[in-house]
Structures are given as structure tokens and as C-alpha cells.
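A.B. asks: This is start_20.cif, which holds mmCIF, C-alpha atoms:
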```
data_input
#
loop_
_atom_site.label_atom_id
_atom_site.label_comp_id
_atom_site.auth_asym_id
_atom_site.auth_seq_id
_atom_site.Cartn_x
_atom_site.Cartn_y
_atom_site.Cartn_z
CA MET A 1 102.20 259.98 118.12
CA LEU A 2 105.41 261.93 117.53
CA ALA A 3 108.25 261.53 120.02
CA ASP A 4 110.73 264.35 119.59
CA ILE A 5 114.09 264.78 121.32
CA SER A 6 114.31 268.45 122.27
CA GLY A 7 117.62 270.27 122.16
CA TYR A 8 119.20 267.91 119.66
CA SER A 9 120.03 270.57 117.06
CA ARG A 10 121.94 272.60 119.66
CA PHE A 11 123.50 269.40 120.97
CA VAL A 12 124.84 268.46 117.52
CA ALA A 13 126.01 271.97 116.72
CA GLN A 14 128.32 272.10 119.73
CA THR A 15 129.50 268.47 119.85
CA GLU A 16 131.36 265.78 117.91
CA VAL A 17 129.22 264.38 115.11
CA ASP A 18 130.13 260.69 115.52
CA HIS A 19 129.45 260.58 119.24
CA SER A 20 126.30 262.73 119.02
CA TRP A 21 124.86 260.33 116.44
CA SER A 22 125.60 257.25 118.56
CA ILE A 23 123.94 258.92 121.54
CA LEU A 24 120.86 259.80 119.47
CA HIS A 25 120.68 256.27 118.06
CA GLU A 26 120.75 254.74 121.54
CA LEU A 27 118.00 257.03 122.80
CA LEU A 28 115.78 256.41 119.77
CA ASP A 29 116.33 252.66 120.17
CA THR A 30 115.36 252.93 123.85
CA MET A 31 112.03 254.51 122.90
CA VAL A 32 111.30 251.94 120.20
CA ARG A 33 112.02 249.03 122.55
CA SER A 34 109.93 250.63 125.29
CA LEU A 35 106.92 250.78 122.97
CA ALA A 36 107.47 247.45 121.18
CA GLY A 37 104.25 245.46 120.89
CA ARG A 38 102.12 248.51 121.68
CA MET A 39 103.03 250.96 118.92
CA ASP A 40 104.43 250.61 115.43
CA VAL A 41 107.19 252.80 114.05
CA SER A 42 105.93 254.51 110.91
CA GLN A 43 108.95 256.69 110.24
CA VAL A 44 112.16 257.91 111.86
CA GLU A 45 112.51 261.62 111.17
CA GLY A 46 115.95 262.71 112.36
CA ASP A 47 115.58 263.23 116.10
CA ALA A 48 111.89 262.28 116.09
CA ILE A 49 109.88 259.09 115.58
CA LEU A 50 106.36 258.86 114.18
CA PHE A 51 104.38 256.05 115.83
CA ILE A 52 100.91 254.71 115.09
CA SER A 53 98.84 252.54 117.41
CA GLY A 54 95.50 250.81 117.82
CA LEU A 55 95.64 251.08 121.61
CA SER A 56 92.94 252.96 123.46
CA THR A 57 93.81 256.64 123.74
CA ALA A 58 94.29 256.39 127.51
CA ASP A 59 96.69 253.46 127.05
CA VAL A 60 98.61 255.46 124.46
CA ILE A 61 99.20 258.20 127.03
CA ARG A 62 100.20 255.70 129.74
CA SER A 63 102.62 254.02 127.33
CA LEU A 64 104.27 257.30 126.39
CA GLU A 65 104.61 258.24 130.06
CA ALA A 66 106.43 254.96 130.69
CA THR A 67 108.63 255.63 127.67
CA PHE A 68 109.48 259.07 129.03
CA VAL A 69 110.81 257.43 132.20
CA ALA A 70 112.73 254.81 130.16
CA PHE A 71 114.29 257.62 128.08
CA HIS A 72 115.52 259.49 131.14
CA ARG A 73 116.71 256.33 132.84
CA ARG A 74 118.86 255.52 129.82
CA LEU A 75 120.08 259.13 129.67
CA ARG A 76 121.16 258.92 133.32
CA ASP A 77 122.83 255.54 132.84
CA MET A 78 124.70 256.85 129.79
CA GLN A 79 126.04 259.71 131.90
CA ALA A 80 127.04 257.30 134.66
CA VAL A 81 129.09 254.97 132.45
CA THR A 82 130.59 257.53 130.06
CA THR A 83 134.26 258.30 130.59
CA CYS A 84 134.76 260.02 127.23
CA PRO A 85 135.64 263.73 127.73
CA CYS A 86 134.23 264.90 124.38
CA SER A 87 131.54 267.60 124.27
CA ALA A 88 128.83 265.19 123.12
CA CYS A 89 129.33 262.84 126.04
CA ALA A 90 129.69 265.72 128.51
CA ASN A 91 126.45 267.40 127.40
CA ILE A 92 124.04 264.47 127.28
CA ALA A 93 121.94 266.07 130.02
CA ILE A 94 120.72 268.90 127.76
CA LEU A 95 118.56 266.46 125.80
CA LYS A 96 114.83 266.44 126.62
CA LEU A 97 111.78 264.60 125.31
CA LYS A 98 108.35 265.79 124.23
CA PHE A 99 105.34 264.07 122.65
CA VAL A 100 102.58 265.15 120.26
CA ILE A 101 99.46 262.98 120.14
CA HIS A 102 96.61 263.24 117.65
CA HIS A 103 93.73 260.94 116.76
CA GLY A 104 92.59 260.79 113.15
CA LYS A 105 92.62 259.07 109.80
CA PHE A 106 95.46 258.39 107.37
CA SER A 107 96.27 256.45 104.25
CA ARG A 108 99.51 254.70 103.35
CA GLN A 109 101.58 255.57 100.30
CA ARG A 110 104.56 253.60 99.10
CA LEU A 111 107.51 255.24 97.34
CA GLY A 112 109.80 252.44 96.24
CA SER A 113 110.50 250.45 99.40
CA VAL A 114 109.46 253.28 101.72
CA GLU A 115 105.93 253.51 103.11
CA GLN A 116 104.68 256.87 104.37
CA LEU A 117 101.50 258.03 106.04
CA HIS A 118 99.39 260.55 104.18
CA GLY A 119 96.47 262.76 105.16
CA THR A 120 95.44 265.99 106.86
CA ASP A 121 95.58 264.44 110.32
CA VAL A 122 99.20 263.42 109.73
CA ILE A 123 100.00 267.03 108.81
CA VAL A 124 98.25 268.26 111.97
CA ALA A 125 100.49 266.12 114.18
CA HIS A 126 103.64 267.36 112.45
CA ARG A 127 102.58 271.00 112.57
CA LEU A 128 102.18 270.71 116.33
CA LEU A 129 105.86 269.92 116.77
CA LYS A 130 106.46 273.65 116.26
CA ASN A 131 104.39 275.17 119.02
CA THR A 132 104.30 277.75 121.80
CA VAL A 133 103.96 275.36 124.74
CA PRO A 134 105.90 276.97 127.64
CA SER A 135 107.80 273.81 128.53
CA LYS A 136 110.59 271.60 127.21
CA GLU A 137 109.06 268.27 128.21
CA TYR A 138 105.37 267.72 127.72
CA LEU A 139 102.50 265.80 126.19
CA LEU A 140 100.69 268.00 123.63
CA VAL A 141 97.35 266.53 122.57
CA THR A 142 94.49 267.64 120.37
CA ASP A 143 90.80 267.85 121.22
CA ALA A 144 90.33 264.56 119.35
CA VAL A 145 92.56 262.96 122.00
CA LEU A 146 91.07 264.76 124.99
CA GLU A 147 87.54 263.63 124.16
CA ARG A 148 88.69 260.00 124.16
CA ILE A 149 90.27 259.85 127.61
CA PRO A 150 88.72 259.62 131.09
CA ALA A 151 87.79 262.88 132.82
CA GLU A 152 90.40 262.35 135.54
CA MET A 153 93.17 262.08 132.95
CA ARG A 154 91.73 264.96 130.91
CA SER A 155 91.86 267.28 133.93
CA ARG A 156 95.68 267.11 133.96
CA PHE A 157 95.89 269.00 130.64
CA THR A 158 96.08 272.78 130.34
CA PRO A 159 93.95 274.09 127.41
CA HIS A 160 96.10 275.21 124.50
CA THR A 161 95.54 276.41 120.92
CA GLU A 162 97.95 276.86 118.03
CA GLU A 163 97.35 278.81 114.80
CA PHE A 164 98.59 277.28 111.54
CA ASP A 165 97.84 277.54 107.84
CA LEU A 166 95.36 274.73 108.50
CA GLY A 167 93.51 277.01 110.91
CA PRO A 168 93.38 276.86 114.72
CA ILE A 169 94.23 273.51 116.35
CA SER A 170 93.07 273.25 119.93
CA GLY A 171 93.76 270.73 122.65
CA GLY A 172 95.89 270.77 125.75
CA TYR A 173 99.31 270.04 127.20
CA GLU A 174 100.71 268.46 130.32
CA GLU A 175 104.22 269.08 131.62
CA ILE A 176 105.73 265.67 132.38
CA ALA A 177 109.13 266.28 133.98
CA TYR A 178 107.49 265.20 137.26
CA LEU A 179 107.24 261.63 135.94
CA TRP A 180 111.01 261.17 136.06
CA ARG A 181 111.33 262.88 139.44
CA SER A 182 108.65 260.57 140.84
CA ALA A 183 110.28 257.48 139.30
CA GLN A 184 113.62 258.38 140.87
CA GLN A 185 112.06 258.82 144.31
CA THR A 186 110.59 255.31 144.24
CA GLU A 187 113.45 253.61 142.42
CA ARG A 188 115.31 250.91 144.36
CA LYS A 189 119.02 250.46 143.67
CA ARG A 190 119.83 247.54 146.01
CA VAL A 191 118.39 245.10 148.52
CA LEU A 192 120.07 245.00 151.92
CA PRO A 193 120.27 241.59 153.64
CA GLU A 194 118.23 242.82 156.62
CA GLU A 195 115.30 243.91 154.44
CA ALA A 196 115.30 240.91 152.10
CA MET A 197 112.51 238.34 152.08
CA VAL A 198 115.03 235.64 151.24
CA ASN A 199 118.83 235.63 151.56
CA SER A 200 121.16 233.13 149.95
CA GLU A 201 124.87 232.40 150.24
CA VAL A 202 127.14 229.94 148.44
CA THR A 203 130.92 229.68 148.06
CA VAL A 204 132.34 228.75 144.68
CA ASP A 205 135.83 227.66 143.78
CA ALA A 206 136.51 230.50 141.36
CA PRO A 207 138.12 233.95 141.77
CA ARG A 208 135.85 236.96 142.25
CA PRO A 209 136.74 238.85 139.00
CA PHE A 210 136.06 235.66 137.04
CA VAL A 211 132.67 235.14 138.69
CA TYR A 212 131.64 238.74 138.08
CA LYS A 213 132.72 238.57 134.46
CA LEU A 214 130.41 235.62 133.81
CA MET A 215 127.50 236.64 136.04
CA LEU A 216 125.64 238.38 133.20
CA ARG A 217 126.61 236.05 130.37
CA PRO A 218 123.34 234.73 128.86
CA ALA A 219 124.63 231.14 128.60
CA VAL A 220 125.59 231.19 132.29
CA MET A 221 122.35 232.89 133.35
CA GLU A 222 120.39 230.14 131.64
CA ARG A 223 121.99 227.66 134.03
CA TYR A 224 121.45 229.41 137.36
CA LEU A 225 118.06 230.90 136.43
CA PHE A 226 116.80 227.58 135.03
CA ALA A 227 115.79 229.27 131.77
CA ASP A 228 115.28 227.70 128.37
CA GLY A 229 117.07 230.65 126.84
CA VAL A 230 118.20 234.20 127.67
CA ASP A 231 118.25 237.06 125.18
CA ALA A 232 120.40 240.06 126.10
CA VAL A 233 120.11 243.75 125.19
CA ALA A 234 123.21 245.85 125.84
CA GLY A 235 123.08 248.54 128.49
CA ALA A 236 124.04 252.20 128.35
CA ARG A 237 126.86 252.82 125.84
CA GLY A 238 127.21 249.03 125.51
CA GLU A 239 128.03 248.57 129.21
CA ASP A 240 126.30 246.38 131.82
CA LEU A 241 124.37 249.21 133.54
CA GLY A 242 120.85 249.28 132.12
CA SER A 243 121.32 246.01 130.21
CA GLU A 244 118.21 243.86 129.83
CA PHE A 245 117.72 240.11 129.81
CA HIS A 246 114.65 238.31 128.52
CA CYS A 247 114.51 234.88 130.13
CA HIS A 248 112.34 232.22 128.49
CA HIS A 249 110.70 229.74 130.85
CA GLY A 250 108.46 227.44 128.86
CA GLY A 251 105.72 229.69 127.52
CA SER A 252 106.45 232.58 129.87
CA LEU A 253 108.93 235.43 129.57
CA VAL A 254 110.68 237.14 132.47
CA SER A 255 112.34 240.48 131.78
CA MET A 256 115.24 241.62 133.97
CA ARG A 257 117.23 244.87 133.97
CA VAL A 258 120.46 245.86 135.71
CA VAL A 259 119.60 248.88 137.88
CA SER A 260 122.93 249.35 139.67
CA LEU A 261 126.34 247.79 139.92
CA GLU A 262 129.76 248.06 141.47
CA PRO A 263 132.16 246.18 139.17
CA GLU A 264 133.41 242.90 140.63
CA ARG A 265 131.56 243.60 143.90
CA GLU A 266 127.81 244.00 143.52
CA LEU A 267 124.95 244.18 141.03
CA THR A 268 121.19 244.59 141.37
CA LEU A 269 118.54 243.50 138.89
CA ILE A 270 114.81 244.16 138.75
CA ALA A 271 112.55 241.44 137.34
CA ASP A 272 108.91 241.76 136.27
CA GLN A 273 107.75 238.19 136.99
CA PRO A 274 106.13 236.53 138.89
CA THR A 275 105.84 239.93 140.59
CA THR A 276 108.11 242.98 140.62
CA MET A 277 111.29 241.70 142.24
CA HIS A 278 114.73 243.10 143.10
CA ILE A 279 117.75 240.86 143.43
CA THR A 280 121.08 242.12 144.75
CA THR A 281 124.13 239.88 144.30
CA ARG A 282 127.27 240.59 146.32
CA LEU A 283 130.65 239.01 145.66
CA SER A 284 133.41 238.79 148.25
CA ASP A 285 136.71 236.95 148.52
CA ALA A 286 136.49 233.72 150.50
CA GLY A 287 140.23 232.92 150.47
CA ASP A 288 142.23 230.42 148.40
CA GLY A 289 140.87 231.88 145.15
CA GLN A 290 137.26 231.25 146.17
CA THR A 291 134.30 233.63 146.04
CA LYS A 292 131.32 233.98 148.33
CA VAL A 293 128.18 234.74 146.31
CA SER A 294 125.51 236.35 148.49
CA ARG A 295 122.06 237.15 147.12
CA SER A 296 119.20 239.15 148.66
CA PHE A 297 115.67 238.95 147.23
CA LEU A 298 112.82 241.42 147.77
CA TRP A 299 109.52 241.40 145.91
CA GLU A 300 106.11 243.05 145.89
CA GLU A 301 103.93 240.77 147.96
CA PRO A 302 100.51 239.91 146.48
CA ALA A 303 97.52 241.15 148.46
CA ASP A 304 95.97 237.68 148.62
CA PRO A 305 97.53 235.87 151.65
CA GLU A 306 97.36 232.44 150.00
CA ILE A 307 99.03 233.67 146.81
CA ALA A 308 101.66 235.49 148.87
CA GLN A 309 102.41 232.35 150.86
CA GLY A 310 102.66 230.25 147.71
CA LEU A 311 104.97 232.76 146.10
CA GLY A 312 107.21 232.80 149.18
CA GLN A 313 107.46 229.01 149.21
CA MET A 314 108.21 228.90 145.49
CA MET A 315 110.93 231.55 145.78
CA ALA A 316 112.56 229.84 148.75
CA ALA A 317 112.74 226.59 146.78
CA MET A 318 114.10 228.32 143.66
CA VAL A 319 116.74 230.20 145.65
CA THR A 320 117.94 226.98 147.27
CA ALA A 321 118.12 225.23 143.92
CA GLY A 322 119.89 228.28 142.51
CA GLU A 323 122.70 227.95 145.06
CA ALA A 324 123.59 224.51 143.72
CA ALA A 325 123.30 225.74 140.12
CA ILE A 326 125.56 228.74 140.78
CA LYS A 327 128.21 226.54 142.38
CA GLU A 328 128.05 224.04 139.54
CA VAL A 329 128.20 226.45 136.58
CA PHE A 330 130.90 228.77 137.92
CA GLU A 331 133.17 225.97 139.12
CA GLU A 332 132.71 224.20 135.80
CA LYS A 333 133.64 227.37 133.88
CA ALA A 334 136.61 228.05 136.17
CA ALA A 335 137.94 224.50 135.75
CA ALA A 336 137.62 224.80 131.97
CA ALA A 337 139.50 228.12 132.03
CA LYS A 338 142.31 226.56 134.12
CA ALA A 339 142.54 223.65 131.73
CA ARG A 340 142.84 225.97 128.74
CA ALA A 341 145.53 228.03 130.49
CA ALA A 342 147.51 224.88 131.29
CA SER A 343 147.24 223.50 127.77
CA PRO A 344 150.50 223.69 125.75
CA ASP A 345 148.45 224.81 122.72
#
```
Mind turning this structure into C-alpha cells?
C.D. replies:
Amino acid sequence: MLADISGYSRFVAQTEVDHSWSILHELLDTMVRSLAGRMDVSQVEGDAILFISGLSTADVIRSLEATFVAFHRRLRDMQAVTTCPCSACANIAILKLKFVIHHGKFSRQRLGSVEQLHGTDVIVAHRLLKNTVPSKEYLLVTDAVLERIPAEMRSRFTPHTEEFDLGPISGGYEEIAYLWRSAQQTERKRVLPEEAMVNSEVTVDAPRPFVYKLMLRPAVMERYLFADGVDAVAGARGEDLGSEFHCHHGGSLVSMRVVSLEPERELTLIADQPTTMHITTRLSDAGDGQTKVSRSFLWEEPADPEIAQGLGQMMAAMVTAGEAAIKEVFEEKAAAAKARAASPD
């Protein structure tokens, strides 16, 4: 699999080199993290990445489709948080993403500390990056891929052939811009109190800017999420929007991502366990330097009524316990900050 960022050469030619490189690096990193555990990076080739995988061919396509959405989500978040007026930051939107997929054999060759893939099938995949597909964002696959996927998936591809020095290479392509449009239509940015399955409210003796500042600190999240540990991945351009948190609970891992925020007022996260869940936290002044922390929870309800009931009971209990934890950790941090400010040292 080759993931190639289209338009990058034009992007670099008309923008500031330092900023264009940092933008490229963030987008490449987004793709690698999206495919972690499912595909291995063989080589980074400028604005493209060569992946290899032992997944079924259908799962390879599904994984790349999800990565396409992750790429555009990060691109949008980068635009949203960027205040830099330079050409690179102003022209992020011209970047597109395309994929080439081929199934075949390869060998590995090591040159010093660098390992490279070798073989005719590797050449085929690279040749296909230069093609006549009438689209900027697509999946281009060979016949070797098409014959390994279900008929329903195969029917989405338009037959296509390219002529190279290796001879004709046939397969098909699918335009995939619709994936991002569809994701945006179903994307939830916040949970309103009236639509929530559970609402929570607690007042803490700490000022609102202070509470917001600590809300996404991993050490603080551990306390109010009852996690054994929280690993953080920075969001778009190093900001909170798009940031990810991997919360360890015993042997399980819950991944959360910031989908929207209004600094010092509101933030919404999406979690993947125990079911897809959205949590909107709102902060408001409660007088005398206190802050009201209001949370609204909405999740995908399991089809099984018994499982759904059990999940609802578990969430209600966790939310109640979380109120006490939020009050404890933020008031403790605020008292420590006051003590430091009052110290003569």
C-alpha cells in the first residue's frame, strides 16, 4: 500500500519551507497512527508512505478508508486552530490523499541500517503512483487486489489500465472524497443536556480558567476517569483540538479524542469503549471563584436490552462517582496553587 499526499509539490513550491514540512510531518504521523497495529511502515518516501500488511485484502481497504477520514479530520482541525498568516498555513486545504494497493511478493534487502523491499511487485505499486486516474483522491488497485475482495466491494471500482515499461497493469479505481463528506454528515460535535442519556453537575472551589487548563492534563484525567494511566497525543498543530488520550483500565484500553472545544467554556470528547460515547463538559462561573462543571453523556445503545440496561446502570454509577472525583482533584490542585502563590519562596 502506498499512501501519497497529492498536491504537496505545488504546496511546497508556493509556501514557507519550515511550516510546510511541519504540516507534512503531522499529516504523515496521523496516517501512521491511524494504521498502527494493522500495517507496518516499510519506508517514508517524501510525501508518501509505503506500508505492508498481513491483513485480509478487504480489511486493508477498510483500514485505508478509515485513514482517509482521519487524514481529512486532522487537516480540518489544523485549519481551525492555525492563526499563522503564512502561505503554508493558509493553503493547507489544497492537500489531498490517494492510495495505491497491490498484492504480491517481495524480498527484503538491507543497506547499512536501512531495510528496503525488493521485487517486481514493489515496482508495480510505485509505477502506479504516476497514473491517468481522473481524480485527486482515490483508491487505485490492481487485479490481484480485486480478485481478493468480496463482489459487493469489487463493484465499487471502475475498471482501469495503465501502460508502463513493465507492460499493461490493469485493475480499478474508486473515488473516495465521499468518505469524508459522509463522515462530516454523521459527526457529532457536542451533546446537549436535553438529548443526553445521563447529565451530571458539580461545583468546585476553583476558578473556571484554572479548571479548563487542567481538564485535559493526563495526571488529572487519571483521577476523574479512574484510570491506571493516561497517555496523551497532541492535537492539531500541538493544540487541544484533535488530541487523543489512551486511558488504561486494568487490561483494557479506552481511546478518547477531542472533537470540539470552546476554550475555558466547553469541550467534547468521543470515546470508543465500552461503546461509542460522546461526552460534553461545560464550565460556567458559580460565583466566589467557583466553577460549575456540567457533563452530558450520550452513547450508542447496544441492541440487546439486558446489555443496554447494564450499561446504563454502570454509566450512572461511574458518573456519580466521577462528580466526587472531579471535586476532589480540582479543589486539591487549586489549593496547592494558592499555597504556592502565597509562599515567600
A.B. asks: What's around range 51-56 of chain A at 9 Å? Count only C-alpha atoms, leave out sequence neighbours fewer than 2 positions away in its own chain, and write the answer as a PyMOL selection string.
C.D. replies: chain A and resi 1-3+38-44+49+58-61+148-149
A.B. asks: Could you work out how far CA of Ser20 in chain A lies from CA of Ala125 in chain A, giving the answer in Å with one decimal?
C.D. replies: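 CA of Ser20 in chain A lies 26.5 Å from CA of Ala125 in chain A.
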A.B. asks: Tell me which of A:Met318, A:Val69, A:Met277, A:Ala336 sits closest to Arg190 in chain A, counting only C-alpha atoms.
C.D. replies: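 When distances to Arg190 in chain A are compared using only C-alpha atoms, the smallest one comes from A:Met277.
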A.B. asks: So the first atom is CA of Ser284 in chain A and the second is CA of Ser260 in chain A; what is the distance between them in Å, to one decimal place?
C.D. replies: 17.2 Å
A.B. asks: Of the candidates A:Leu261, A:Leu225, A:Ala144, A:Cys89, which one gets nearest to Lys105 in chain A if we count only C-alpha atoms?
C.D. replies: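 Looking only at the distances to Lys105 in chain A, the closest residue turns out to be A:Ala144.
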A.B. asks: Would you fill the gaps in range 52-86 of chain A so it has N, CA and C atoms, then print it as a PDB file, in the coordinates of the input?
C.D. replies:
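Once written, part.pdb looks like this:
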```pdb
ATOM      1  N   ILE A  52     102.358 254.874 115.216  1.00  0.00           N
ATOM      2  CA  ILE A  52     100.910 254.710 115.090  1.00  0.00           C
ATOM      3  C   ILE A  52     100.519 253.551 116.005  1.00  0.00           C
ATOM      4  N   SER A  53      99.260 253.567 116.465  1.00  0.00           N
ATOM      5  CA  SER A  53      98.840 252.540 117.410  1.00  0.00           C
ATOM      6  C   SER A  53      97.340 252.348 117.384  1.00  0.00           C
ATOM      7  N   GLY A  54      96.920 251.123 117.670  1.00  0.00           N
ATOM      8  CA  GLY A  54      95.500 250.810 117.820  1.00  0.00           C
ATOM      9  C   GLY A  54      95.093 250.709 119.262  1.00  0.00           C
ATOM     10  N   LEU A  55      95.977 251.083 120.188  1.00  0.00           N
ATOM     11  CA  LEU A  55      95.640 251.080 121.610  1.00  0.00           C
ATOM     12  C   LEU A  55      94.539 252.090 121.896  1.00  0.00           C
ATOM     13  N   SER A  56      93.868 251.919 123.024  1.00  0.00           N
ATOM     14  CA  SER A  56      92.940 252.960 123.460  1.00  0.00           C
ATOM     15  C   SER A  56      93.749 254.233 123.707  1.00  0.00           C
ATOM     16  N   THR A  57      93.097 255.371 123.594  1.00  0.00           N
ATOM     17  CA  THR A  57      93.810 256.640 123.740  1.00  0.00           C
ATOM     18  C   THR A  57      94.435 256.775 125.122  1.00  0.00           C
ATOM     19  N   ALA A  58      93.737 256.328 126.159  1.00  0.00           N
ATOM     20  CA  ALA A  58      94.290 256.390 127.510  1.00  0.00           C
ATOM     21  C   ALA A  58      95.537 255.525 127.632  1.00  0.00           C
ATOM     22  N   ASP A  59      95.526 254.347 127.010  1.00  0.00           N
ATOM     23  CA  ASP A  59      96.690 253.460 127.050  1.00  0.00           C
ATOM     24  C   ASP A  59      97.859 254.036 126.257  1.00  0.00           C
ATOM     25  N   VAL A  60      97.552 254.767 125.207  1.00  0.00           N
ATOM     26  CA  VAL A  60      98.610 255.460 124.460  1.00  0.00           C
ATOM     27  C   VAL A  60      99.343 256.429 125.377  1.00  0.00           C
ATOM     28  N   ILE A  61      98.596 257.218 126.124  1.00  0.00           N
ATOM     29  CA  ILE A  61      99.200 258.200 127.030  1.00  0.00           C
ATOM     30  C   ILE A  61     100.010 257.493 128.122  1.00  0.00           C
ATOM     31  N   ARG A  62      99.466 256.445 128.701  1.00  0.00           N
ATOM     32  CA  ARG A  62     100.200 255.700 129.740  1.00  0.00           C
ATOM     33  C   ARG A  62     101.495 255.117 129.177  1.00  0.00           C
ATOM     34  N   SER A  63     101.433 254.604 127.958  1.00  0.00           N
ATOM     35  CA  SER A  63     102.620 254.020 127.330  1.00  0.00           C
ATOM     36  C   SER A  63     103.693 255.058 127.087  1.00  0.00           C
ATOM     37  N   LEU A  64     103.298 256.239 126.641  1.00  0.00           N
ATOM     38  CA  LEU A  64     104.270 257.300 126.390  1.00  0.00           C
ATOM     39  C   LEU A  64     104.862 257.820 127.696  1.00  0.00           C
ATOM     40  N   GLU A  65     104.071 257.832 128.757  1.00  0.00           N
ATOM     41  CA  GLU A  65     104.610 258.240 130.060  1.00  0.00           C
ATOM     42  C   GLU A  65     105.683 257.265 130.528  1.00  0.00           C
ATOM     43  N   ALA A  66     105.435 255.959 130.323  1.00  0.00           N
ATOM     44  CA  ALA A  66     106.430 254.960 130.690  1.00  0.00           C
ATOM     45  C   ALA A  66     107.682 255.094 129.839  1.00  0.00           C
ATOM     46  N   THR A  67     107.502 255.440 128.570  1.00  0.00           N
ATOM     47  CA  THR A  67     108.630 255.630 127.670  1.00  0.00           C
ATOM     48  C   THR A  67     109.451 256.846 128.061  1.00  0.00           C
ATOM     49  N   PHE A  68     108.782 257.877 128.545  1.00  0.00           N
ATOM     50  CA  PHE A  68     109.480 259.070 129.030  1.00  0.00           C
ATOM     51  C   PHE A  68     110.432 258.699 130.168  1.00  0.00           C
ATOM     52  N   VAL A  69     109.965 257.875 131.084  1.00  0.00           N
ATOM     53  CA  VAL A  69     110.810 257.430 132.200  1.00  0.00           C
ATOM     54  C   VAL A  69     111.956 256.571 131.679  1.00  0.00           C
ATOM     55  N   ALA A  70     111.676 255.664 130.727  1.00  0.00           N
ATOM     56  CA  ALA A  70     112.730 254.810 130.160  1.00  0.00           C
ATOM     57  C   ALA A  70     113.790 255.655 129.463  1.00  0.00           C
ATOM     58  N   PHE A  71     113.370 256.703 128.766  1.00  0.00           N
ATOM     59  CA  PHE A  71     114.290 257.620 128.080  1.00  0.00           C
ATOM     60  C   PHE A  71     115.232 258.268 129.085  1.00  0.00           C
ATOM     61  N   HIS A  72     114.683 258.801 130.167  1.00  0.00           N
ATOM     62  CA  HIS A  72     115.520 259.490 131.140  1.00  0.00           C
ATOM     63  C   HIS A  72     116.385 258.527 131.946  1.00  0.00           C
ATOM     64  N   ARG A  73     115.890 257.323 132.153  1.00  0.00           N
ATOM     65  CA  ARG A  73     116.710 256.330 132.840  1.00  0.00           C
ATOM     66  C   ARG A  73     117.936 255.995 131.995  1.00  0.00           C
ATOM     67  N   ARG A  74     117.723 255.820 130.692  1.00  0.00           N
ATOM     68  CA  ARG A  74     118.860 255.520 129.820  1.00  0.00           C
ATOM     69  C   ARG A  74     119.803 256.721 129.736  1.00  0.00           C
ATOM     70  N   LEU A  75     119.260 257.920 129.694  1.00  0.00           N
ATOM     71  CA  LEU A  75     120.080 259.130 129.670  1.00  0.00           C
ATOM     72  C   LEU A  75     120.963 259.195 130.911  1.00  0.00           C
ATOM     73  N   ARG A  76     120.387 258.913 132.072  1.00  0.00           N
ATOM     74  CA  ARG A  76     121.160 258.920 133.320  1.00  0.00           C
ATOM     75  C   ARG A  76     122.226 257.834 133.316  1.00  0.00           C
ATOM     76  N   ASP A  77     121.865 256.634 132.862  1.00  0.00           N
ATOM     77  CA  ASP A  77     122.830 255.540 132.840  1.00  0.00           C
ATOM     78  C   ASP A  77     123.975 255.836 131.875  1.00  0.00           C
ATOM     79  N   MET A  78     123.657 256.483 130.746  1.00  0.00           N
ATOM     80  CA  MET A  78     124.700 256.850 129.790  1.00  0.00           C
ATOM     81  C   MET A  78     125.683 257.830 130.426  1.00  0.00           C
ATOM     82  N   GLN A  79     125.172 258.774 131.189  1.00  0.00           N
ATOM     83  CA  GLN A  79     126.040 259.710 131.900  1.00  0.00           C
ATOM     84  C   GLN A  79     126.917 258.988 132.913  1.00  0.00           C
ATOM     85  N   ALA A  80     126.329 257.996 133.587  1.00  0.00           N
ATOM     86  CA  ALA A  80     127.040 257.300 134.660  1.00  0.00           C
ATOM     87  C   ALA A  80     128.205 256.472 134.133  1.00  0.00           C
ATOM     88  N   VAL A  81     128.049 255.873 132.942  1.00  0.00           N
ATOM     89  CA  VAL A  81     129.090 254.970 132.450  1.00  0.00           C
ATOM     90  C   VAL A  81     130.064 255.640 131.495  1.00  0.00           C
ATOM     91  N   THR A  82     129.759 256.862 131.057  1.00  0.00           N
ATOM     92  CA  THR A  82     130.590 257.530 130.060  1.00  0.00           C
ATOM     93  C   THR A  82     131.857 258.111 130.703  1.00  0.00           C
ATOM     94  N   THR A  83     132.975 257.736 130.148  1.00  0.00           N
ATOM     95  CA  THR A  83     134.260 258.300 130.590  1.00  0.00           C
ATOM     96  C   THR A  83     134.876 259.181 129.512  1.00  0.00           C
ATOM     97  N   CYS A  84     134.243 259.213 128.337  1.00  0.00           N
ATOM     98  CA  CYS A  84     134.760 260.020 127.230  1.00  0.00           C
ATOM     99  C   CYS A  84     134.631 261.509 127.581  1.00  0.00           C
ATOM    100  N   PRO A  85     135.687 262.313 127.379  1.00  0.00           N
ATOM    101  CA  PRO A  85     135.640 263.730 127.730  1.00  0.00           C
ATOM    102  C   PRO A  85     135.102 264.636 126.625  1.00  0.00           C
ATOM    103  N   CYS A  86     134.665 264.065 125.502  1.00  0.00           N
ATOM    104  CA  CYS A  86     134.230 264.900 124.380  1.00  0.00           C
ATOM    105  C   CYS A  86     132.973 265.685 124.746  1.00  0.00           C
TER     106      CYS A  86
END
```
